[in-house]
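Colleague: mmCIF, N, CA and C atoms; chains and numbers go by the auth columns, file data.cif:
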```
data_my_file
loop_
_atom_site.group_PDB
_atom_site.id
_atom_site.type_symbol
_atom_site.label_atom_id
_atom_site.label_comp_id
_atom_site.label_asym_id
_atom_site.label_seq_id
_atom_site.Cartn_x
_atom_site.Cartn_y
_atom_site.Cartn_z
_atom_site.B_iso_or_equiv
_atom_site.auth_seq_id
_atom_site.auth_asym_id
ATOM 1 N N MET A 1 -8.357 11.632 -11.826 0.00 1 V
ATOM 2 C CA MET A 1 -9.512 10.828 -12.101 0.00 1 V
ATOM 3 C C MET A 1 -10.496 10.982 -10.953 0.00 1 V
ATOM 4 N N GLN A 2 -11.727 11.271 -11.266 0.00 2 V
ATOM 5 C CA GLN A 2 -12.755 11.376 -10.233 0.00 2 V
ATOM 6 C C GLN A 2 -13.719 10.209 -10.362 0.00 2 V
ATOM 7 N N VAL A 3 -14.026 9.614 -9.219 0.00 3 V
ATOM 8 C CA VAL A 3 -14.933 8.468 -9.201 0.00 3 V
ATOM 9 C C VAL A 3 -15.918 8.618 -8.053 0.00 3 V
ATOM 10 N N ASN A 4 -17.032 7.963 -8.195 0.00 4 V
ATOM 11 C CA ASN A 4 -18.021 7.855 -7.126 0.00 4 V
ATOM 12 C C ASN A 4 -18.374 6.385 -6.997 0.00 4 V
ATOM 13 N N GLY A 5 -18.444 5.894 -5.766 0.00 5 V
ATOM 14 C CA GLY A 5 -18.868 4.513 -5.565 0.00 5 V
ATOM 15 C C GLY A 5 -17.731 3.595 -5.201 0.00 5 V
ATOM 16 N N THR A 6 -17.828 2.353 -5.650 0.00 6 V
ATOM 17 C CA THR A 6 -16.865 1.316 -5.299 0.00 6 V
ATOM 18 C C THR A 6 -15.737 1.261 -6.318 0.00 6 V
ATOM 19 N N VAL A 7 -14.515 1.175 -5.820 0.00 7 V
ATOM 20 C CA VAL A 7 -13.322 1.144 -6.662 0.00 7 V
ATOM 21 C C VAL A 7 -12.489 -0.079 -6.288 0.00 7 V
ATOM 22 N N CYS A 8 -11.913 -0.713 -7.300 0.00 8 V
ATOM 23 C CA CYS A 8 -10.967 -1.803 -7.058 0.00 8 V
ATOM 24 C C CYS A 8 -9.563 -1.278 -7.338 0.00 8 V
ATOM 25 N N LEU A 9 -8.717 -1.295 -6.327 0.00 9 V
ATOM 26 C CA LEU A 9 -7.313 -0.921 -6.475 0.00 9 V
ATOM 27 C C LEU A 9 -6.516 -2.215 -6.578 0.00 9 V
ATOM 28 N N ALA A 10 -5.851 -2.410 -7.692 0.00 10 V
ATOM 29 C CA ALA A 10 -5.061 -3.621 -7.914 0.00 10 V
ATOM 30 C C ALA A 10 -3.613 -3.232 -8.168 0.00 10 V
ATOM 31 N N PHE A 11 -2.697 -3.938 -7.527 0.00 11 V
ATOM 32 C CA PHE A 11 -1.283 -3.666 -7.724 0.00 11 V
ATOM 33 C C PHE A 11 -0.469 -4.900 -7.360 0.00 11 V
ATOM 34 N N TYR A 12 0.755 -4.932 -7.844 0.00 12 V
ATOM 35 C CA TYR A 12 1.718 -5.968 -7.494 0.00 12 V
ATOM 36 C C TYR A 12 2.799 -5.318 -6.642 0.00 12 V
ATOM 37 N N TYR A 13 3.354 -6.086 -5.717 0.00 13 V
ATOM 38 C CA TYR A 13 4.439 -5.565 -4.901 0.00 13 V
ATOM 39 C C TYR A 13 5.463 -6.667 -4.649 0.00 13 V
ATOM 40 N N HIS A 14 6.671 -6.250 -4.389 0.00 14 V
ATOM 41 C CA HIS A 14 7.798 -7.157 -4.172 0.00 14 V
ATOM 42 C C HIS A 14 8.551 -6.622 -2.960 0.00 14 V
ATOM 43 N N MET A 15 8.512 -7.353 -1.862 0.00 15 V
ATOM 44 C CA MET A 15 9.180 -6.917 -0.619 0.00 15 V
ATOM 45 C C MET A 15 10.125 -8.029 -0.184 0.00 15 V
ATOM 46 N N TRP A 16 11.396 -7.806 -0.423 0.00 16 V
ATOM 47 C CA TRP A 16 12.374 -8.848 -0.168 0.00 16 V
ATOM 48 C C TRP A 16 13.584 -8.259 0.550 0.00 16 V
ATOM 49 N N GLY A 17 13.972 -8.883 1.643 0.00 17 V
ATOM 50 C CA GLY A 17 15.175 -8.481 2.350 0.00 17 V
ATOM 51 C C GLY A 17 14.938 -8.284 3.834 0.00 17 V
ATOM 52 N N TYR A 18 16.010 -8.385 4.591 0.00 18 V
ATOM 53 C CA TYR A 18 15.942 -8.162 6.028 0.00 18 V
ATOM 54 C C TYR A 18 15.585 -6.712 6.325 0.00 18 V
ATOM 55 N N HIS A 19 14.965 -6.475 7.448 0.00 19 V
ATOM 56 C CA HIS A 19 14.599 -5.121 7.865 0.00 19 V
ATOM 57 C C HIS A 19 13.731 -4.428 6.816 0.00 19 V
ATOM 58 N N MET A 20 12.781 -5.168 6.266 0.00 20 V
ATOM 59 C CA MET A 20 11.961 -4.676 5.166 0.00 20 V
ATOM 60 C C MET A 20 11.069 -3.506 5.559 0.00 20 V
ATOM 61 N N GLY A 21 10.503 -3.525 6.733 0.00 21 V
ATOM 62 C CA GLY A 21 9.570 -2.469 7.096 0.00 21 V
ATOM 63 C C GLY A 21 8.161 -2.849 6.702 0.00 21 V
ATOM 64 N N ARG A 22 7.389 -1.870 6.190 0.00 22 V
ATOM 65 C CA ARG A 22 5.999 -2.166 5.851 0.00 22 V
ATOM 66 C C ARG A 22 5.527 -1.309 4.683 0.00 22 V
ATOM 67 N N LEU A 23 4.446 -1.771 4.074 0.00 23 V
ATOM 68 C CA LEU A 23 3.769 -1.060 3.006 0.00 23 V
ATOM 69 C C LEU A 23 2.320 -0.878 3.441 0.00 23 V
ATOM 70 N N GLU A 24 1.814 0.351 3.350 0.00 24 V
ATOM 71 C CA GLU A 24 0.465 0.666 3.827 0.00 24 V
ATOM 72 C C GLU A 24 -0.325 1.343 2.717 0.00 24 V
ATOM 73 N N VAL A 25 -1.626 1.095 2.706 0.00 25 V
ATOM 74 C CA VAL A 25 -2.529 1.785 1.795 0.00 25 V
ATOM 75 C C VAL A 25 -3.552 2.528 2.646 0.00 25 V
ATOM 76 N N TYR A 26 -3.679 3.818 2.390 0.00 26 V
ATOM 77 C CA TYR A 26 -4.617 4.666 3.128 0.00 26 V
ATOM 78 C C TYR A 26 -5.603 5.319 2.165 0.00 26 V
ATOM 79 N N LEU A 27 -6.800 5.552 2.655 0.00 27 V
ATOM 80 C CA LEU A 27 -7.769 6.394 1.978 0.00 27 V
ATOM 81 C C LEU A 27 -7.762 7.736 2.686 0.00 27 V
ATOM 82 N N LYS A 28 -7.512 8.800 1.927 0.00 28 V
ATOM 83 C CA LYS A 28 -7.528 10.151 2.499 0.00 28 V
ATOM 84 C C LYS A 28 -8.828 10.828 2.095 0.00 28 V
ATOM 85 N N ARG A 29 -9.585 11.221 3.100 0.00 29 V
ATOM 86 C CA ARG A 29 -10.854 11.921 2.874 0.00 29 V
ATOM 87 C C ARG A 29 -10.933 13.072 3.865 0.00 29 V
ATOM 88 N N ALA A 30 -11.071 14.293 3.346 0.00 30 V
ATOM 89 C CA ALA A 30 -11.220 15.481 4.199 0.00 30 V
ATOM 90 C C ALA A 30 -10.118 15.561 5.254 0.00 30 V
ATOM 91 N N ASN A 31 -8.865 15.395 4.807 0.00 31 V
ATOM 92 C CA ASN A 31 -7.682 15.478 5.679 0.00 31 V
ATOM 93 C C ASN A 31 -7.638 14.436 6.781 0.00 31 V
ATOM 94 N N GLN A 32 -8.379 13.350 6.632 0.00 32 V
ATOM 95 C CA GLN A 32 -8.285 12.221 7.555 0.00 32 V
ATOM 96 C C GLN A 32 -7.837 11.001 6.772 0.00 32 V
ATOM 97 N N TYR A 33 -6.928 10.251 7.367 0.00 33 V
ATOM 98 C CA TYR A 33 -6.400 9.052 6.740 0.00 33 V
ATOM 99 C C TYR A 33 -6.989 7.822 7.420 0.00 33 V
ATOM 100 N N VAL A 34 -7.515 6.904 6.600 0.00 34 V
ATOM 101 C CA VAL A 34 -8.067 5.655 7.118 0.00 34 V
ATOM 102 C C VAL A 34 -7.307 4.509 6.458 0.00 34 V
ATOM 103 N N MET A 35 -6.640 3.686 7.282 0.00 35 V
ATOM 104 C CA MET A 35 -5.866 2.583 6.739 0.00 35 V
ATOM 105 C C MET A 35 -6.794 1.550 6.097 0.00 35 V
ATOM 106 N N GLN A 36 -6.415 1.143 4.880 0.00 36 V
ATOM 107 C CA GLN A 36 -7.180 0.147 4.141 0.00 36 V
ATOM 108 C C GLN A 36 -6.491 -1.213 4.140 0.00 36 V
ATOM 109 N N TRP A 37 -5.151 -1.190 4.279 0.00 37 V
ATOM 110 C CA TRP A 37 -4.394 -2.433 4.169 0.00 37 V
ATOM 111 C C TRP A 37 -2.968 -2.204 4.653 0.00 37 V
ATOM 112 N N LEU A 38 -2.341 -3.280 5.149 0.00 38 V
ATOM 113 C CA LEU A 38 -0.966 -3.217 5.658 0.00 38 V
ATOM 114 C C LEU A 38 -0.296 -4.561 5.467 0.00 38 V
ATOM 115 N N VAL A 39 0.954 -4.541 5.042 0.00 39 V
ATOM 116 C CA VAL A 39 1.785 -5.741 5.002 0.00 39 V
ATOM 117 C C VAL A 39 3.163 -5.340 5.512 0.00 39 V
ATOM 118 N N SER A 40 3.829 -6.255 6.218 0.00 40 V
ATOM 119 C CA SER A 40 5.140 -5.916 6.763 0.00 40 V
ATOM 120 C C SER A 40 6.074 -7.107 6.672 0.00 40 V
ATOM 121 N N ALA A 41 7.349 -6.796 6.772 0.00 41 V
ATOM 122 C CA ALA A 41 8.448 -7.776 6.803 0.00 41 V
ATOM 123 C C ALA A 41 8.715 -8.364 5.415 0.00 41 V
ATOM 124 N N ASP A 42 9.715 -9.198 5.368 0.00 42 V
ATOM 125 C CA ASP A 42 10.137 -9.874 4.150 0.00 42 V
ATOM 126 C C ASP A 42 9.005 -10.769 3.656 0.00 42 V
ATOM 127 N N GLN A 43 8.592 -10.580 2.401 0.00 43 V
ATOM 128 C CA GLN A 43 7.532 -11.390 1.804 0.00 43 V
ATOM 129 C C GLN A 43 8.088 -12.410 0.810 0.00 43 V
ATOM 130 N N GLY A 44 9.405 -12.525 0.770 0.00 44 V
ATOM 131 C CA GLY A 44 10.039 -13.478 -0.144 0.00 44 V
ATOM 132 C C GLY A 44 10.418 -12.825 -1.464 0.00 44 V
ATOM 133 N N ASN A 45 11.218 -13.525 -2.217 0.00 45 V
ATOM 134 C CA ASN A 45 11.706 -13.020 -3.497 0.00 45 V
ATOM 135 C C ASN A 45 10.700 -13.355 -4.599 0.00 45 V
ATOM 136 N N VAL A 46 9.485 -12.836 -4.437 0.00 46 V
ATOM 137 C CA VAL A 46 8.395 -13.091 -5.382 0.00 46 V
ATOM 138 C C VAL A 46 7.555 -11.828 -5.544 0.00 46 V
ATOM 139 N N TRP A 47 6.889 -11.722 -6.676 0.00 47 V
ATOM 140 C CA TRP A 47 5.900 -10.665 -6.889 0.00 47 V
ATOM 141 C C TRP A 47 4.565 -11.167 -6.354 0.00 47 V
ATOM 142 N N LEU A 48 3.885 -10.324 -5.587 0.00 48 V
ATOM 143 C CA LEU A 48 2.588 -10.659 -5.009 0.00 48 V
ATOM 144 C C LEU A 48 1.547 -9.670 -5.519 0.00 48 V
ATOM 145 N N GLU A 49 0.348 -10.168 -5.773 0.00 49 V
ATOM 146 C CA GLU A 49 -0.740 -9.303 -6.228 0.00 49 V
ATOM 147 C C GLU A 49 -1.666 -9.008 -5.066 0.00 49 V
ATOM 148 N N ARG A 50 -2.150 -7.782 -5.011 0.00 50 V
ATOM 149 C CA ARG A 50 -3.135 -7.394 -3.999 0.00 50 V
ATOM 150 C C ARG A 50 -4.254 -6.622 -4.689 0.00 50 V
ATOM 151 N N ARG A 51 -5.484 -6.955 -4.342 0.00 51 V
ATOM 152 C CA ARG A 51 -6.665 -6.238 -4.838 0.00 51 V
ATOM 153 C C ARG A 51 -7.453 -5.767 -3.627 0.00 51 V
ATOM 154 N N LEU A 52 -7.719 -4.482 -3.586 0.00 52 V
ATOM 155 C CA LEU A 52 -8.480 -3.896 -2.490 0.00 52 V
ATOM 156 C C LEU A 52 -9.765 -3.285 -3.036 0.00 52 V
ATOM 157 N N THR A 53 -10.861 -3.555 -2.371 0.00 53 V
ATOM 158 C CA THR A 53 -12.123 -2.915 -2.715 0.00 53 V
ATOM 159 C C THR A 53 -12.330 -1.739 -1.773 0.00 53 V
ATOM 160 N N ILE A 54 -12.473 -0.574 -2.352 0.00 54 V
ATOM 161 C CA ILE A 54 -12.702 0.634 -1.567 0.00 54 V
ATOM 162 C C ILE A 54 -14.121 1.102 -1.878 0.00 54 V
ATOM 163 N N LYS A 55 -14.957 1.051 -0.861 0.00 55 V
ATOM 164 C CA LYS A 55 -16.361 1.404 -1.040 0.00 55 V
ATOM 165 C C LYS A 55 -16.597 2.875 -0.724 0.00 55 V
ATOM 166 N N ASN A 56 -17.617 3.408 -1.319 0.00 56 V
ATOM 167 C CA ASN A 56 -18.052 4.788 -1.072 0.00 56 V
ATOM 168 C C ASN A 56 -16.976 5.825 -1.393 0.00 56 V
ATOM 169 N N MET A 57 -16.187 5.551 -2.412 0.00 57 V
ATOM 170 C CA MET A 57 -15.165 6.511 -2.832 0.00 57 V
ATOM 171 C C MET A 57 -15.863 7.762 -3.359 0.00 57 V
ATOM 172 N N GLN A 58 -15.344 8.918 -2.979 0.00 58 V
ATOM 173 C CA GLN A 58 -15.918 10.198 -3.381 0.00 58 V
ATOM 174 C C GLN A 58 -14.936 10.954 -4.271 0.00 58 V
ATOM 175 N N PRO A 59 -15.425 11.913 -5.061 0.00 59 V
ATOM 176 C CA PRO A 59 -14.570 12.580 -6.054 0.00 59 V
ATOM 177 C C PRO A 59 -13.273 13.175 -5.504 0.00 59 V
ATOM 178 N N ASN A 60 -13.245 13.686 -4.298 0.00 60 V
ATOM 179 C CA ASN A 60 -12.034 14.319 -3.775 0.00 60 V
ATOM 180 C C ASN A 60 -11.183 13.389 -2.913 0.00 60 V
ATOM 181 N N ASP A 61 -11.555 12.126 -2.803 0.00 61 V
ATOM 182 C CA ASP A 61 -10.764 11.165 -2.025 0.00 61 V
ATOM 183 C C ASP A 61 -9.445 10.865 -2.735 0.00 61 V
ATOM 184 N N GLN A 62 -8.454 10.486 -1.954 0.00 62 V
ATOM 185 C CA GLN A 62 -7.156 10.071 -2.493 0.00 62 V
ATOM 186 C C GLN A 62 -6.780 8.727 -1.898 0.00 62 V
ATOM 187 N N VAL A 63 -6.109 7.909 -2.694 0.00 63 V
ATOM 188 C CA VAL A 63 -5.532 6.667 -2.204 0.00 63 V
ATOM 189 C C VAL A 63 -4.031 6.883 -2.121 0.00 63 V
ATOM 190 N N ASN A 64 -3.444 6.576 -0.954 0.00 64 V
ATOM 191 C CA ASN A 64 -2.015 6.784 -0.716 0.00 64 V
ATOM 192 C C ASN A 64 -1.348 5.474 -0.382 0.00 64 V
ATOM 193 N N LEU A 65 -0.261 5.156 -1.079 0.00 65 V
ATOM 194 C CA LEU A 65 0.591 4.024 -0.744 0.00 65 V
ATOM 195 C C LEU A 65 1.833 4.577 -0.068 0.00 65 V
ATOM 196 N N ILE A 66 2.106 4.096 1.138 0.00 66 V
ATOM 197 C CA ILE A 66 3.213 4.624 1.938 0.00 66 V
ATOM 198 C C ILE A 66 4.103 3.464 2.354 0.00 66 V
ATOM 199 N N SER A 67 5.395 3.623 2.162 0.00 67 V
ATOM 200 C CA SER A 67 6.346 2.592 2.581 0.00 67 V
ATOM 201 C C SER A 67 7.194 3.112 3.735 0.00 67 V
ATOM 202 N N HIS A 68 7.472 2.228 4.656 0.00 68 V
ATOM 203 C CA HIS A 68 8.319 2.526 5.813 0.00 68 V
ATOM 204 C C HIS A 68 9.415 1.469 5.871 0.00 68 V
ATOM 205 N N PHE A 69 10.643 1.914 5.974 0.00 69 V
ATOM 206 C CA PHE A 69 11.765 0.999 6.103 0.00 69 V
ATOM 207 C C PHE A 69 12.317 1.076 7.510 0.00 69 V
ATOM 208 N N THR A 70 12.752 -0.052 8.024 0.00 70 V
ATOM 209 C CA THR A 70 13.464 -0.034 9.291 0.00 70 V
ATOM 210 C C THR A 70 14.922 0.268 9.006 0.00 70 V
ATOM 211 N N SER A 71 15.638 0.694 10.006 0.00 71 V
ATOM 212 C CA SER A 71 17.049 1.027 9.799 0.00 71 V
ATOM 213 C C SER A 71 17.871 -0.254 9.737 0.00 71 V
ATOM 214 N N GLY A 72 19.035 -0.112 9.214 0.00 72 V
ATOM 215 C CA GLY A 72 19.934 -1.257 9.117 0.00 72 V
ATOM 216 C C GLY A 72 20.763 -1.178 7.852 0.00 72 V
ATOM 217 N N VAL A 73 21.739 -2.044 7.770 0.00 73 V
ATOM 218 C CA VAL A 73 22.629 -2.051 6.618 0.00 73 V
ATOM 219 C C VAL A 73 22.356 -3.234 5.714 0.00 73 V
ATOM 220 N N PHE A 74 21.316 -4.006 6.013 0.00 74 V
ATOM 221 C CA PHE A 74 21.009 -5.187 5.227 0.00 74 V
ATOM 222 C C PHE A 74 20.342 -4.782 3.914 0.00 74 V
ATOM 223 N N PRO A 75 20.562 -5.557 2.853 0.00 75 V
ATOM 224 C CA PRO A 75 19.915 -5.227 1.571 0.00 75 V
ATOM 225 C C PRO A 75 18.407 -5.462 1.655 0.00 75 V
ATOM 226 N N ARG A 76 17.677 -4.628 0.937 0.00 76 V
ATOM 227 C CA ARG A 76 16.230 -4.785 0.879 0.00 76 V
ATOM 228 C C ARG A 76 15.726 -4.205 -0.432 0.00 76 V
ATOM 229 N N LEU A 77 14.553 -4.673 -0.872 0.00 77 V
ATOM 230 C CA LEU A 77 13.976 -4.219 -2.123 0.00 77 V
ATOM 231 C C LEU A 77 12.473 -4.125 -1.970 0.00 77 V
ATOM 232 N N LEU A 78 11.920 -2.953 -2.202 0.00 78 V
ATOM 233 C CA LEU A 78 10.472 -2.755 -2.236 0.00 78 V
ATOM 234 C C LEU A 78 10.134 -2.138 -3.573 0.00 78 V
ATOM 235 N N THR A 79 9.292 -2.809 -4.331 0.00 79 V
ATOM 236 C CA THR A 79 8.877 -2.335 -5.636 0.00 79 V
ATOM 237 C C THR A 79 7.367 -2.479 -5.739 0.00 79 V
ATOM 238 N N ILE A 80 6.721 -1.466 -6.285 0.00 80 V
ATOM 239 C CA ILE A 80 5.264 -1.516 -6.479 0.00 80 V
ATOM 240 C C ILE A 80 4.976 -1.388 -7.958 0.00 80 V
#
```
What do you get writing this file as structure tokens?
Modeller:
Amino acid sequence: MQVNGTVCLAFYYHMWGYHMGRLEVYLKRANQYVMQWLVSADQGNVWLERRLTIKNMQPNDQVNLISHFTSGVFPRLLTI
């Protein structure tokens, strides 16, 4: 999908458990990554909604969601 202008990225996420780590949203433009949003740690056993406004989106831009987990043997759940 190619877009120009302002874009709303909407998603739900569920981050529950010890040693959860973090979830990041980046805008990739011309091989450079610019962080748009970050959440970390246990967010509870609930679904949460996030809406991000990304301005000046260009046709070749990409939005990347990246998850990082910390090490450990504790149970954890990340769902997008």
Colleague: Starting from the PyMOL selection byres ((chain V and resi 57-62) around 6), expand the selection into actual residues of this file and give them as number ranges by chain.
Modeller: V: 2-7, 26-29, 54-56, 63-64
Colleague: Find the distance between atom CA of V:Arg22 and atom CA of V:Thr79 and write it in Å to one decimal.
Modeller: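 Computing it gives 11.8 Å between the two atoms.
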Colleague: Once 3 Å is added on each side, what are the centre and the three edge lengths, in Å to one decimal, of the axis-aligned box enclosing the listed atoms of stretch 13-22 of chain V? Present them as AutoDock Vina command-line options.
Modeller:
```
--center_x 9.7 --center_y -5.1 --center_z 1.1 --size_x 18.7 --size_y 13.6 --size_z 19.6
```
Colleague: Pick the closest to V:Val25 from V:Ile66, V:Ala41, V:Leu9, V:Val46: which is it, counting only N, CA and C atoms?
Modeller: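 Selected residue with least distance to V:Val25: V:Ile66.
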Colleague: Which is closest to V:Ser67 among V:Leu23, V:Met15, V:Leu52, V:Val39, if we use all atoms listed in the file?
Modeller: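 Of V:Leu23, V:Met15, V:Leu52, V:Val39, the one nearest V:Ser67, counting all atoms listed in the file, is V:Leu23.
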Colleague: Any idea what the distance is between atom CA of V:Gln32 and atom C of V:Thr53?
Modeller: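 Separation of atom CA of V:Gln32 and atom C of V:Thr53: 17.3 Å.
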Colleague: Looking at only C-alpha atoms, which of V:Asn45, V:Ala30, V:Met35, V:His68 is the one that sits closest to V:Tyr13?
Modeller: V:Asn45
Colleague: Which distance in Å separates atom N of V:Gln36 and atom CA of V:Trp16, to one decimal?
Modeller: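 Between atom N of V:Gln36 and atom CA of V:Trp16 the gap works out to 21.9 Å.
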Colleague: Care to translate the PyMOL selection byres ((chain V and resi 42) around 6.5) into actual residues of this file, as a ChimeraX atom specification?
Modeller: /V:15-21,40-41,43-44
Colleague: Write out as a PyMOL selection string all residues of chain V that DSSP puts in strand (DSSP E or B) for this structure's backbone.
Modeller: chain V and resi 5-17+22-29+32-40+48-57+62-68+76-79
Colleague: Could you check the closest approach to V:Phe69 for each of V:Trp47, V:Tyr33, V:Cys8, V:Glu24 and tell me which residue wins, using only C-alpha atoms?
Modeller: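 Closest to V:Phe69 of all the choices is V:Glu24.
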